[in-house]
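J.: Hey, dropping data_21.txt in here, compact mmCIF, C-alpha atoms:
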```
# COMPACT_ATOMS: atom_id res chain seq x y z
CA MET A 1 37.74 100.70 104.03
CA SER A 2 34.92 99.04 102.16
CA ALA A 3 35.68 95.72 103.79
CA SER A 4 35.51 97.17 107.28
CA VAL A 5 32.25 98.93 106.53
CA SER A 6 30.62 95.79 105.21
CA GLU A 7 31.69 93.83 108.26
CA ALA A 8 30.34 96.37 110.74
CA PRO A 9 26.62 95.42 110.58
CA GLU A 10 27.45 91.75 111.18
CA ALA A 11 28.90 92.33 114.65
CA PRO A 12 25.61 93.20 116.38
CA GLU A 13 23.93 90.16 114.80
CA ALA A 14 26.60 87.85 116.13
CA LYS A 15 26.33 89.43 119.54
CA SER A 16 22.52 89.22 119.65
CA SER A 17 22.49 85.61 118.52
CA SER A 18 24.66 84.56 121.44
CA ARG A 19 22.73 86.53 124.02
CA ILE A 20 20.77 84.49 126.57
CA PRO A 21 17.03 85.31 126.28
CA LYS A 22 15.86 87.50 129.14
CA VAL A 23 13.04 86.00 131.19
CA PRO A 24 10.21 88.57 131.58
CA PHE A 25 9.73 89.81 135.11
CA TRP A 26 6.09 88.68 135.24
CA VAL A 27 7.20 85.16 134.30
CA GLN A 28 9.73 85.25 137.15
CA ILE A 29 6.95 86.32 139.54
CA ILE A 30 4.60 83.53 138.44
CA ALA A 31 7.44 81.03 138.69
CA GLY A 32 8.08 82.26 142.23
CA LEU A 33 4.41 81.82 143.13
CA VAL A 34 4.31 78.27 141.78
CA LEU A 35 7.64 77.25 143.34
CA GLY A 36 6.69 78.82 146.67
CA ALA A 37 3.34 76.99 146.74
CA LEU A 38 5.06 73.70 145.90
CA LEU A 39 7.78 74.09 148.54
CA GLY A 40 5.22 75.20 151.12
CA TRP A 41 3.09 72.13 150.41
CA ILE A 42 6.15 69.87 150.71
CA ALA A 43 7.23 71.53 153.97
CA ARG A 44 3.78 71.05 155.50
CA SER A 45 2.82 67.63 154.13
CA GLN A 46 6.22 66.07 154.83
CA ASP A 47 6.80 68.07 158.05
CA VAL A 48 10.13 69.45 156.81
CA SER A 49 10.86 71.99 159.55
CA TRP A 50 14.12 73.30 158.09
CA LEU A 51 12.40 74.07 154.77
CA LYS A 52 9.60 75.93 156.52
CA GLU A 53 12.11 77.98 158.53
CA THR A 54 14.14 78.73 155.41
CA LEU A 55 11.07 79.92 153.51
CA GLY A 56 10.10 82.11 156.46
CA GLN A 57 13.56 83.65 156.64
CA VAL A 58 13.69 84.32 152.90
CA GLY A 59 10.31 86.08 153.02
CA ASP A 60 11.21 88.04 156.16
CA ILE A 61 14.48 89.25 154.67
CA PHE A 62 12.71 90.46 151.52
CA VAL A 63 10.06 92.35 153.52
CA GLN A 64 12.73 93.76 155.86
CA LEU A 65 14.73 95.06 152.89
CA LEU A 66 11.62 96.82 151.63
CA LYS A 67 10.91 98.32 155.05
CA LEU A 68 14.52 99.43 155.37
CA ALA A 69 13.99 101.94 152.58
CA VAL A 70 10.48 103.04 153.61
CA ALA A 71 11.29 105.78 156.13
CA PRO A 72 13.88 107.78 154.12
CA LEU A 73 12.05 107.10 150.85
CA VAL A 74 8.75 108.49 152.16
CA PHE A 75 10.43 111.54 153.68
CA PHE A 76 12.37 112.60 150.61
CA ALA A 77 9.62 111.59 148.17
CA ILE A 78 7.02 113.75 149.95
CA LEU A 79 9.47 116.64 150.41
CA VAL A 80 10.52 116.64 146.75
CA SER A 81 6.95 116.11 145.52
CA ILE A 82 5.69 119.17 147.39
CA THR A 83 8.53 121.36 146.12
CA ASN A 84 7.94 120.09 142.56
CA LEU A 85 4.48 121.64 142.68
CA ARG A 86 6.13 125.01 142.18
CA LYS A 87 6.82 123.90 138.58
CA VAL A 88 3.14 123.13 137.92
CA ASN A 89 0.48 125.63 136.93
CA ASN A 90 -2.60 125.63 139.19
CA ALA A 91 -0.76 123.49 141.76
CA ALA A 92 -3.33 124.14 144.49
CA ARG A 93 -6.16 123.17 142.13
CA LEU A 94 -4.39 119.93 141.15
CA ALA A 95 -3.69 119.02 144.77
CA THR A 96 -7.32 119.66 145.74
CA ARG A 97 -8.68 117.66 142.81
CA THR A 98 -6.31 114.80 143.62
CA LEU A 99 -7.47 114.63 147.23
CA LEU A 100 -11.10 114.86 146.13
CA TRP A 101 -10.77 111.89 143.78
CA PHE A 102 -8.93 109.93 146.43
CA MET A 103 -11.98 110.37 148.65
CA ILE A 104 -14.52 109.64 145.90
CA THR A 105 -12.90 106.36 144.86
CA SER A 106 -12.45 105.32 148.51
CA LEU A 107 -16.15 105.93 149.15
CA ILE A 108 -17.11 103.81 146.14
CA ALA A 109 -14.75 101.03 147.27
CA VAL A 110 -16.07 100.91 150.84
CA ALA A 111 -19.66 100.85 149.54
CA ILE A 112 -18.80 97.82 147.41
CA GLY A 113 -17.12 96.13 150.38
CA LEU A 114 -20.18 96.69 152.58
CA ALA A 115 -22.55 95.42 149.89
CA ILE A 116 -20.57 92.20 149.37
CA GLY A 117 -20.32 91.63 153.12
CA LEU A 118 -24.05 92.07 153.68
CA ILE A 119 -24.87 89.71 150.80
CA THR A 120 -22.43 86.90 151.63
CA ASN A 121 -22.27 87.00 155.48
CA PRO A 122 -18.56 86.00 155.58
CA GLY A 123 -18.55 85.26 159.33
CA SER A 124 -21.33 82.69 159.22
CA GLY A 125 -20.53 78.99 159.19
CA THR A 126 -16.79 79.37 159.70
CA GLY A 127 -16.62 77.43 162.95
CA LEU A 128 -14.57 80.27 164.46
CA THR A 129 -15.41 81.58 167.94
CA PRO A 130 -14.44 84.70 169.91
CA GLN A 131 -11.90 82.55 171.80
CA ASP A 132 -9.95 82.11 168.57
CA GLY A 133 -9.16 85.81 168.52
CA LYS A 134 -6.40 87.69 170.29
CA LEU A 135 -5.43 91.31 170.79
CA PRO A 136 -3.23 92.78 168.04
CA LYS A 137 0.26 94.04 168.80
CA ARG A 138 -0.52 97.35 167.10
CA GLU A 139 -3.74 99.23 167.66
CA GLY A 140 -5.26 102.36 166.24
CA SER A 141 -7.69 104.87 167.72
CA TRP A 142 -8.82 108.33 166.74
CA ILE A 143 -6.93 109.88 169.65
CA ASP A 144 -3.76 108.07 168.66
CA PHE A 145 -4.37 108.97 165.02
CA LEU A 146 -4.84 112.68 165.67
CA THR A 147 -2.26 113.16 168.42
CA GLY A 148 0.20 110.78 166.77
CA ILE A 149 0.60 112.93 163.66
CA VAL A 150 3.04 115.31 165.39
CA PRO A 151 6.24 113.54 166.53
CA THR A 152 7.90 114.20 169.87
CA ASP A 153 11.32 114.21 168.21
CA VAL A 154 12.79 113.85 164.71
CA ILE A 155 14.50 110.49 165.29
CA THR A 156 11.80 108.20 166.72
CA PRO A 157 9.49 108.24 163.65
CA PHE A 158 12.35 106.82 161.59
CA THR A 159 13.47 104.21 164.12
CA GLU A 160 9.91 103.06 164.87
CA LEU A 161 8.74 103.47 161.25
CA ASN A 162 5.84 105.77 162.06
CA VAL A 163 5.08 106.72 158.47
CA LEU A 164 2.32 109.19 159.34
CA GLN A 165 4.74 111.28 161.42
CA ILE A 166 7.36 111.03 158.67
CA VAL A 167 4.82 112.36 156.17
CA PHE A 168 4.03 115.24 158.54
CA MET A 169 7.70 116.22 158.90
CA ALA A 170 8.29 115.91 155.17
CA ALA A 171 5.27 118.09 154.40
CA VAL A 172 6.46 120.76 156.84
CA ALA A 173 9.96 120.65 155.37
CA GLY A 174 8.61 120.85 151.81
CA ILE A 175 6.34 123.83 152.54
CA ALA A 176 9.21 125.58 154.37
CA ALA A 177 11.47 125.01 151.36
CA LEU A 178 8.86 126.57 149.09
CA LYS A 179 8.69 129.62 151.34
CA LEU A 180 12.49 130.00 151.37
CA GLY A 181 12.65 130.08 147.59
CA ASP A 182 16.13 130.25 146.08
CA ARG A 183 17.81 129.90 149.46
CA ALA A 184 16.49 126.32 149.67
CA LYS A 185 17.91 125.24 146.29
CA PRO A 186 20.99 123.46 147.78
CA ILE A 187 18.76 121.43 150.11
CA LEU A 188 16.36 120.58 147.30
CA ALA A 189 19.21 119.49 145.02
CA LEU A 190 20.55 117.25 147.80
CA SER A 191 17.07 115.86 148.50
CA GLU A 192 16.52 115.00 144.83
CA SER A 193 19.89 113.24 144.67
CA VAL A 194 19.19 111.26 147.84
CA LEU A 195 15.76 110.29 146.49
CA GLU A 196 17.31 108.99 143.27
CA LEU A 197 19.87 107.06 145.31
CA LEU A 198 17.14 105.47 147.43
CA GLN A 199 15.09 104.57 144.37
CA LYS A 200 18.12 102.94 142.77
CA ALA A 201 18.82 100.89 145.90
CA LEU A 202 15.14 99.97 146.23
CA TRP A 203 15.08 98.79 142.64
CA TRP A 204 17.78 96.27 143.49
CA VAL A 205 15.47 94.97 146.22
CA ILE A 206 12.53 94.88 143.82
CA ARG A 207 14.54 92.68 141.47
CA LEU A 208 14.60 90.12 144.29
CA ALA A 209 10.78 89.97 144.31
CA PRO A 210 10.60 86.52 142.63
CA ILE A 211 12.82 85.07 145.37
CA GLY A 212 10.87 86.91 148.05
CA THR A 213 7.67 85.50 146.57
CA VAL A 214 8.95 81.95 147.01
CA GLY A 215 9.55 82.61 150.71
CA LEU A 216 6.36 84.55 151.44
CA ILE A 217 3.95 82.21 149.66
CA GLY A 218 5.80 79.08 150.73
CA PHE A 219 5.84 79.99 154.40
CA ALA A 220 2.17 81.02 154.36
CA ILE A 221 1.14 77.61 153.01
CA ALA A 222 3.59 75.70 155.22
CA ASP A 223 2.48 77.54 158.36
CA TYR A 224 -1.25 77.89 157.85
CA GLY A 225 -2.12 75.11 155.43
CA TRP A 226 -5.12 74.81 153.16
CA ASP A 227 -7.39 73.63 155.98
CA LEU A 228 -7.12 76.94 157.82
CA ILE A 229 -7.53 78.88 154.62
CA GLY A 230 -10.74 76.91 154.03
CA LYS A 231 -12.30 78.40 157.17
CA TYR A 232 -11.84 81.84 155.65
CA ALA A 233 -12.92 80.84 152.15
CA THR A 234 -15.92 83.19 151.99
CA PHE A 235 -14.05 86.12 153.51
CA THR A 236 -11.04 85.59 151.23
CA ALA A 237 -13.27 85.30 148.18
CA ASP A 238 -15.13 88.46 149.24
CA VAL A 239 -11.90 90.46 149.45
CA TYR A 240 -10.71 89.23 146.06
CA VAL A 241 -14.10 89.76 144.41
CA GLY A 242 -14.48 93.23 145.96
CA CYS A 243 -11.00 94.28 144.85
CA ALA A 244 -11.60 92.82 141.38
CA ILE A 245 -14.86 94.77 141.02
CA VAL A 246 -13.07 98.01 141.93
CA LEU A 247 -9.98 97.21 139.88
CA PHE A 248 -11.65 95.91 136.72
CA GLY A 249 -15.10 97.47 137.03
CA VAL A 250 -15.07 100.83 138.81
CA TYR A 251 -11.68 102.02 137.57
CA PRO A 252 -12.37 101.32 133.87
CA LEU A 253 -15.80 102.95 134.21
CA LEU A 254 -14.24 106.11 135.67
CA LEU A 255 -11.60 106.19 132.95
CA ALA A 256 -14.19 105.80 130.20
CA THR A 257 -16.83 108.20 131.56
CA VAL A 258 -14.95 110.77 133.66
CA ALA A 259 -11.57 110.93 131.93
CA LYS A 260 -12.98 109.84 128.54
CA ILE A 261 -9.96 107.68 127.72
CA SER A 262 -9.47 103.99 126.98
CA PRO A 263 -9.20 101.78 130.10
CA LEU A 264 -7.21 99.18 128.13
CA HIS A 265 -4.32 101.60 127.64
CA PHE A 266 -4.30 102.32 131.36
CA PHE A 267 -3.96 98.68 132.38
CA LYS A 268 -1.40 98.07 129.67
CA GLY A 269 0.79 100.87 130.99
CA ALA A 270 0.16 100.35 134.71
CA TRP A 271 0.59 96.57 134.69
CA PRO A 272 4.26 96.50 135.85
CA ALA A 273 3.34 98.38 139.05
CA ILE A 274 0.18 96.34 139.68
CA GLN A 275 1.96 92.98 139.42
CA LEU A 276 4.84 94.16 141.62
CA ALA A 277 2.38 95.40 144.24
CA PHE A 278 0.65 92.01 144.24
CA VAL A 279 3.92 90.30 145.15
CA SER A 280 5.62 92.86 147.41
CA ARG A 281 2.46 93.79 149.37
CA SER A 282 3.88 97.28 149.85
CA SER A 283 2.56 100.46 148.24
CA VAL A 284 5.63 102.40 149.33
CA GLY A 285 7.97 99.69 148.09
CA THR A 286 6.25 99.83 144.70
CA MET A 287 6.16 103.64 144.62
CA PRO A 288 9.15 104.24 142.26
CA VAL A 289 7.64 101.89 139.68
CA THR A 290 4.15 103.36 140.19
CA GLN A 291 5.50 106.84 139.52
CA LYS A 292 7.31 105.73 136.37
CA VAL A 293 4.28 103.97 134.88
CA THR A 294 2.13 107.01 135.73
CA GLU A 295 4.55 109.22 133.81
CA ARG A 296 4.61 106.66 131.00
CA LEU A 297 0.82 106.99 130.82
CA GLY A 298 1.22 110.66 129.92
CA VAL A 299 0.89 112.36 133.32
CA PRO A 300 3.35 115.28 133.60
CA LYS A 301 6.38 114.32 135.66
CA GLU A 302 6.06 117.32 138.00
CA TYR A 303 2.47 116.42 138.89
CA ALA A 304 3.09 112.65 139.06
CA SER A 305 5.99 113.20 141.45
CA PHE A 306 3.49 114.80 143.85
CA ALA A 307 0.39 112.66 143.34
CA VAL A 308 1.99 109.20 143.47
CA PRO A 309 4.00 109.61 146.73
CA PHE A 310 0.99 111.31 148.28
CA GLY A 311 -1.20 108.43 147.17
CA ALA A 312 1.27 105.77 148.36
CA THR A 313 0.76 106.98 151.92
CA THR A 314 -2.93 107.91 151.86
CA LYS A 315 -4.70 106.20 148.92
CA MET A 316 -5.73 102.67 149.96
CA ASP A 317 -8.90 101.41 148.27
CA GLY A 318 -7.97 97.82 149.09
CA CYS A 319 -6.48 98.05 152.60
CA ALA A 320 -8.48 101.00 153.91
CA ALA A 321 -11.86 100.64 152.21
CA ILE A 322 -12.84 97.17 150.97
CA TYR A 323 -10.94 95.20 153.62
CA PRO A 324 -12.04 97.01 156.82
CA ALA A 325 -15.66 97.05 155.61
CA LEU A 326 -15.67 93.29 155.07
CA ALA A 327 -13.57 92.63 158.18
CA ALA A 328 -15.93 94.63 160.40
CA ILE A 329 -18.92 92.61 159.20
CA PHE A 330 -16.97 89.36 159.56
CA ILE A 331 -15.86 90.13 163.13
CA ALA A 332 -19.32 91.39 164.14
CA GLN A 333 -20.84 88.10 163.02
CA ILE A 334 -18.22 86.02 164.88
CA PHE A 335 -18.84 87.99 168.09
CA ASP A 336 -22.62 88.08 167.47
CA VAL A 337 -22.84 91.87 167.36
CA GLN A 338 -25.61 93.47 165.32
CA LEU A 339 -24.53 96.39 163.13
CA GLY A 340 -26.96 99.14 162.17
CA ILE A 341 -27.13 101.81 159.51
CA GLN A 342 -25.13 104.23 161.65
CA ASP A 343 -22.36 101.64 161.98
CA TYR A 344 -22.11 101.23 158.22
CA LEU A 345 -21.95 105.00 157.83
CA LEU A 346 -19.15 105.08 160.41
CA ILE A 347 -17.25 102.44 158.45
CA ALA A 348 -17.52 104.59 155.34
CA PHE A 349 -16.39 107.68 157.26
CA VAL A 350 -13.36 105.92 158.73
CA SER A 351 -12.38 104.52 155.34
CA VAL A 352 -12.49 107.90 153.62
CA VAL A 353 -10.91 109.99 156.39
CA GLY A 354 -8.61 107.58 158.20
CA SER A 355 -6.91 105.80 155.29
CA ALA A 356 -3.63 107.56 156.05
CA ALA A 357 -3.34 105.27 159.08
CA THR A 358 -2.32 102.39 156.79
CA ALA A 359 0.64 104.44 155.54
CA GLY A 360 1.52 102.14 152.67
CA LEU A 361 3.05 99.36 154.76
CA THR A 362 2.42 95.66 154.37
CA GLY A 363 -0.75 94.78 156.20
CA ALA A 364 -3.67 96.95 157.36
CA THR A 365 -3.84 96.14 161.08
CA VAL A 366 -3.80 99.75 162.27
CA MET A 367 -6.61 100.72 159.91
CA LEU A 368 -8.68 97.73 161.00
CA THR A 369 -8.22 98.43 164.72
CA LEU A 370 -9.15 102.07 164.05
CA THR A 371 -12.38 100.88 162.41
CA LEU A 372 -13.19 98.37 165.15
CA SER A 373 -12.53 100.85 167.97
CA THR A 374 -14.79 103.39 166.25
CA LEU A 375 -17.60 100.80 166.04
CA GLY A 376 -16.95 99.48 169.55
CA LEU A 377 -16.21 95.97 168.25
CA PRO A 378 -13.75 93.71 170.14
CA LEU A 379 -10.17 94.25 169.02
CA GLU A 380 -9.55 90.55 169.60
CA GLY A 381 -11.27 90.10 166.25
CA VAL A 382 -8.11 91.31 164.53
CA GLY A 383 -6.37 88.15 165.68
CA LEU A 384 -8.91 86.09 163.76
CA LEU A 385 -7.71 87.59 160.47
CA MET A 386 -3.95 87.58 161.00
CA ALA A 387 -3.52 84.03 159.68
CA ILE A 388 -5.12 84.83 156.34
CA ASP A 389 -3.62 88.33 156.01
CA PRO A 390 -0.65 87.47 153.72
CA ILE A 391 -2.97 85.88 151.17
CA ILE A 392 -5.52 88.69 150.98
CA ASP A 393 -2.92 91.46 151.29
CA MET A 394 -1.60 90.72 147.82
CA MET A 395 -4.88 91.61 146.13
CA ARG A 396 -5.48 94.55 148.48
CA THR A 397 -2.12 96.12 147.65
CA ALA A 398 -2.53 95.58 143.90
CA THR A 399 -5.82 97.49 144.13
CA ASN A 400 -4.17 100.23 146.20
CA VAL A 401 -1.42 100.78 143.66
CA ALA A 402 -3.78 100.71 140.67
CA GLY A 403 -5.80 103.47 142.36
CA GLN A 404 -2.64 105.46 143.08
CA ALA A 405 -1.89 105.51 139.34
CA LEU A 406 -5.51 105.95 138.30
CA VAL A 407 -6.29 109.20 140.12
CA PRO A 408 -3.39 111.23 138.61
CA VAL A 409 -4.44 110.00 135.16
CA ILE A 410 -8.06 111.06 135.74
CA VAL A 411 -7.09 114.46 137.15
CA ALA A 412 -4.57 115.08 134.36
CA ALA A 413 -7.15 114.16 131.72
CA ARG A 414 -9.81 116.43 133.21
CA GLU A 415 -7.34 119.29 133.59
CA LYS A 416 -6.22 118.76 129.97
CA ILE A 417 -2.57 118.21 130.87
CA LEU A 418 -2.49 114.50 129.96
CA ASP A 419 -0.25 113.57 127.02
CA HIS A 420 -2.75 111.50 125.04
CA THR A 421 -0.11 110.29 122.58
CA ALA A 422 1.99 108.86 125.39
CA TYR A 423 -1.13 107.38 127.02
CA GLU A 424 -2.25 105.61 123.87
CA ASN A 425 1.25 104.27 123.21
CA ALA A 426 1.91 103.14 126.78
CA SER A 427 3.76 99.84 126.85
CA ALA A 428 3.23 96.85 129.13
CA SER A 429 6.98 96.17 129.06
CA PRO A 430 8.64 96.14 132.50
CA ILE A 431 10.28 99.22 133.93
CA ASP A 432 13.87 97.98 133.89
CA ASP A 433 15.03 100.81 136.13
CA PRO A 434 12.67 103.35 137.74
CA THR A 435 15.56 105.82 138.05
CA ALA A 436 15.99 105.93 134.27
CA THR A 437 15.45 109.26 132.55
CA ARG A 438 12.40 110.03 130.46
CA THR A 439 14.53 109.86 127.31
CA GLU A 440 15.62 106.33 128.17
CA ASP A 441 12.01 105.32 128.80
CA GLU A 442 11.04 106.65 125.40
CA LYS A 443 13.81 104.55 123.84
CA VAL A 444 12.37 101.48 125.54
CA LEU A 445 8.89 102.31 124.22
CA VAL A 446 10.21 102.72 120.67
CA ALA A 447 12.06 99.41 120.93
CA ALA A 448 8.90 97.70 122.23
```
Before we go any further, please render this structure as structure tokens.
T.:
Amino acid sequence: MSASVSEAPEAPEAKSSSRIPKVPFWVQIIAGLVLGALLGWIARSQDVSWLKETLGQVGDIFVQLLKLAVAPLVFFAILVSITNLRKVNNAARLATRTLLWFMITSLIAVAIGLAIGLITNPGSGTGLTPQDGKLPKREGSWIDFLTGIVPTDVITPFTELNVLQIVFMAAVAGIAALKLGDRAKPILALSESVLELLQKALWWVIRLAPIGTVGLIGFAIADYGWDLIGKYATFTADVYVGCAIVLFGVYPLLLATVAKISPLHFFKGAWPAIQLAFVSRSSVGTMPVTQKVTERLGVPKEYASFAVPFGATTKMDGCAAIYPALAAIFIAQIFDVQLGIQDYLLIAFVSVVGSAATAGLTGATVMLTLTLSTLGLPLEGVGLLMAIDPIIDMMRTATNVAGQALVPVIVAAREKILDHTAYENASASPIDDPTATRTEDEKVLVAA
């Protein structure tokens, strides 16, 4: 017996010594960025058409896999999040405060976007003309926005991926389930199981992000080239600088002054979601990871499961605030249209009220066309920005997702429901599986 006991501790050591070191996910992402840029440069400089097509197909497949899960994920996430509010004290107060902070941060972001645009004049000296623009395939207007909320049937929103209508149906179903009480328990149990299933399947897609990065970045460089990107240098820099100011300036200031907590702990805990958003360019695709890091930062699970899905479809500081503000100024300068104070106020209004039009999908075309149509600017201007969209969308989405995690943390801190111990001990280690239980997450934190 003594011999077997003494040999027991040696087995794990032998096993661990032979284990292949696991490459951190962020290293895989950076490797994908570098490899994609290199392959894209080779495809363009050497005119390797098959490589360009392959990169495009790899990127398209990755984005398509993300979009495949969007419709059912949004529906069940919103439905379950609304019904989870019944487990939270002062649910109506929390929901109101969440929406209020969504609007406040959006207003700050659009103000920063306008200020940068007015200082740098991104449309001047580009060499672009109105003839370079073309009408977008998708357009947005206030009539379409308001009348398009209610679907004509329950199938079309899912087949055409109209996220706003899906959110509407999910909200109605969630409120109805709350009213039914115990009679809705079987449906709620099924919905929670389906949501976990979707999150598990989506996580498998997320694990492919490094490969998807190779295709997306590689094709962008192979197709557009650095020369074209150079024409948009000021505009691209404006978007990145504006998002960086919000991400690393405004958000930390709000955490330190409003929530009275350390901003460093927030970025440490939220980093896995931010880096994934940068690569995937999809707030909805990142949503399971965003929710997990928000919970890991000490936000109660019942509240986080409402605030994060709600934010993933409506909270867009990058795509719906900074970007349309800069884009409107850029397009106005290309088309030689003078904007006045009332136009800037309209931009701010559209950014705060109409951000749901972006609906967490890759790109912000609908939101931009909504802004341009409100200002009376030519919609052909959208075509001017399509070439550069993949590059700037990465930073926009990272800012979106950071804000989607930030607001629940601020509200939870102000409402005194934030677990400060969990917040201060939040780890920057990757979320290996967003469907893992809270107990498993705690084990990971202890191991880290």
J.: Could you please determine the separation between atom CA of Pro309 of chain A and atom CA of Val401 of chain A in Å, to one decimal place?
T.: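 That distance, rounded to one decimal, is 10.8 Å.
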J.: How far is it from atom CA of Ile175 of chain A to atom CA of Gln199 of chain A, in Å with one decimal?
T.: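 One can read the atom CA of Ile175 of chain A to atom CA of Gln199 of chain A distance as 22.7 Å.
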J.: May I have the protein, DNA and RNA residues with an atom at most 12 Å from (-11.5, 104.8, 126.5), counting all atoms listed in the file in the file's coordinates, returned as a list in words?
T.: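 Output: Tyr251, Pro252, Leu253, Leu254, Leu255, Ala256, Thr257, Val258, Ala259, Lys260, Ile261, Ser262, Pro263, Leu264, His265, Phe266, Phe267, Ile410, Ala413, His420, Tyr423 and Glu424 of chain A.
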J.: Name the closest residue to Thr313 of chain A among the candidates A:Leu197, A:Ile417, A:Val70, A:Ala428; distances are taken between atoms, counting all atoms listed in the file.
T.: A:Val70
J.: Find, counting all atoms listed in the file, the residue in A:Tyr240, A:Trp26, A:Phe158, A:Tyr303 that gets nearest to Arg93 of chain A.
T.: A:Tyr303
J.: Between atom CA of Val150 of chain A and atom CA of Gln165 of chain A, what distance in Å does the model show, to one decimal?
T.: 5.9 Å
J.: Using all atoms listed in the file, which residues sit within 9 Å of Val154 of chain A once same-chain residues fewer than 3 positions away are excluded, as a tab-separated table (two decimals) with C-alpha atoms, in the frame of the given file?
T.:
```tsv
chain	number	residue	atom	x	y	z
A	151	PRO	CA	6.24	113.54	166.53
A	157	PRO	CA	9.49	108.24	163.65
A	158	PHE	CA	12.35	106.82	161.59
A	166	ILE	CA	7.36	111.03	158.67
A	169	MET	CA	7.70	116.22	158.90
```
J.: Rank nothing, just name the residue among A:Ala109, A:Ile329, A:Ile206, A:Leu379 nearest to Arg281 of chain A, using all atoms listed in the file.
T.: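 The shortest atom-to-atom distance to Arg281 of chain A comes from A:Ile206.
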J.: Using all atoms listed in the file, find the one residue out of A:Leu216, A:Leu79, A:Asn89, A:Val163 that sits nearest to Leu188 of chain A.
T.: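 Under the stated criterion, the closest residue is A:Leu79.
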J.: Between A:Arg414, A:Arg396, A:Lys22, A:Lys301, single out the one closest to Trp101 of chain A, counting all atoms listed in the file.
T.: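 Looking only at the distances to Trp101 of chain A, the closest residue turns out to be A:Arg414.
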J.: Using all atoms listed in the file, pick whichever of A:Ile30, A:Ile331, A:Gly285, A:Phe278 has the shortest atom-to-atom distance to Ile391 of chain A.
T.: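 Of all the options, A:Phe278 lies closest to Ile391 of chain A.
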J.: Can you take the partial segment 179-191 of chain A, add N, CA and C atoms, and return it as a tab-separated table (two decimals), in the frame of the given file?
T.:
```tsv
chain	number	residue	atom	x	y	z
A	179	LYS	N	8.70	128.25	150.82
A	179	LYS	CA	8.69	129.62	151.34
A	179	LYS	C	10.07	130.26	151.26
A	180	LEU	N	11.12	129.46	151.42
A	180	LEU	CA	12.49	130.00	151.37
A	180	LEU	C	12.92	130.37	149.95
A	181	GLY	N	12.33	129.75	148.97
A	181	GLY	CA	12.65	130.08	147.59
A	181	GLY	C	14.04	129.64	147.19
A	182	ASP	N	14.81	130.58	146.60
A	182	ASP	CA	16.13	130.25	146.08
A	182	ASP	C	17.10	129.81	147.16
A	183	ARG	N	16.90	130.27	148.38
A	183	ARG	CA	17.81	129.90	149.46
A	183	ARG	C	17.74	128.40	149.78
A	184	ALA	N	16.65	127.74	149.37
A	184	ALA	CA	16.49	126.32	149.67
A	184	ALA	C	16.99	125.44	148.53
A	185	LYS	N	17.49	126.03	147.45
A	185	LYS	CA	17.91	125.24	146.29
A	185	LYS	C	18.97	124.19	146.63
A	186	PRO	N	20.00	124.50	147.45
A	186	PRO	CA	20.99	123.46	147.78
A	186	PRO	C	20.37	122.26	148.50
A	187	ILE	N	19.43	122.53	149.40
A	187	ILE	CA	18.76	121.43	150.11
A	187	ILE	C	17.90	120.61	149.16
A	188	LEU	N	17.21	121.29	148.26
A	188	LEU	CA	16.36	120.58	147.30
A	188	LEU	C	17.20	119.73	146.36
A	189	ALA	N	18.33	120.26	145.91
A	189	ALA	CA	19.21	119.49	145.02
A	189	ALA	C	19.72	118.23	145.74
A	190	LEU	N	20.09	118.40	147.01
A	190	LEU	CA	20.55	117.25	147.80
A	190	LEU	C	19.42	116.24	147.99
A	191	SER	N	18.22	116.75	148.28
A	191	SER	CA	17.07	115.86	148.50
A	191	SER	C	16.75	115.05	147.25
```
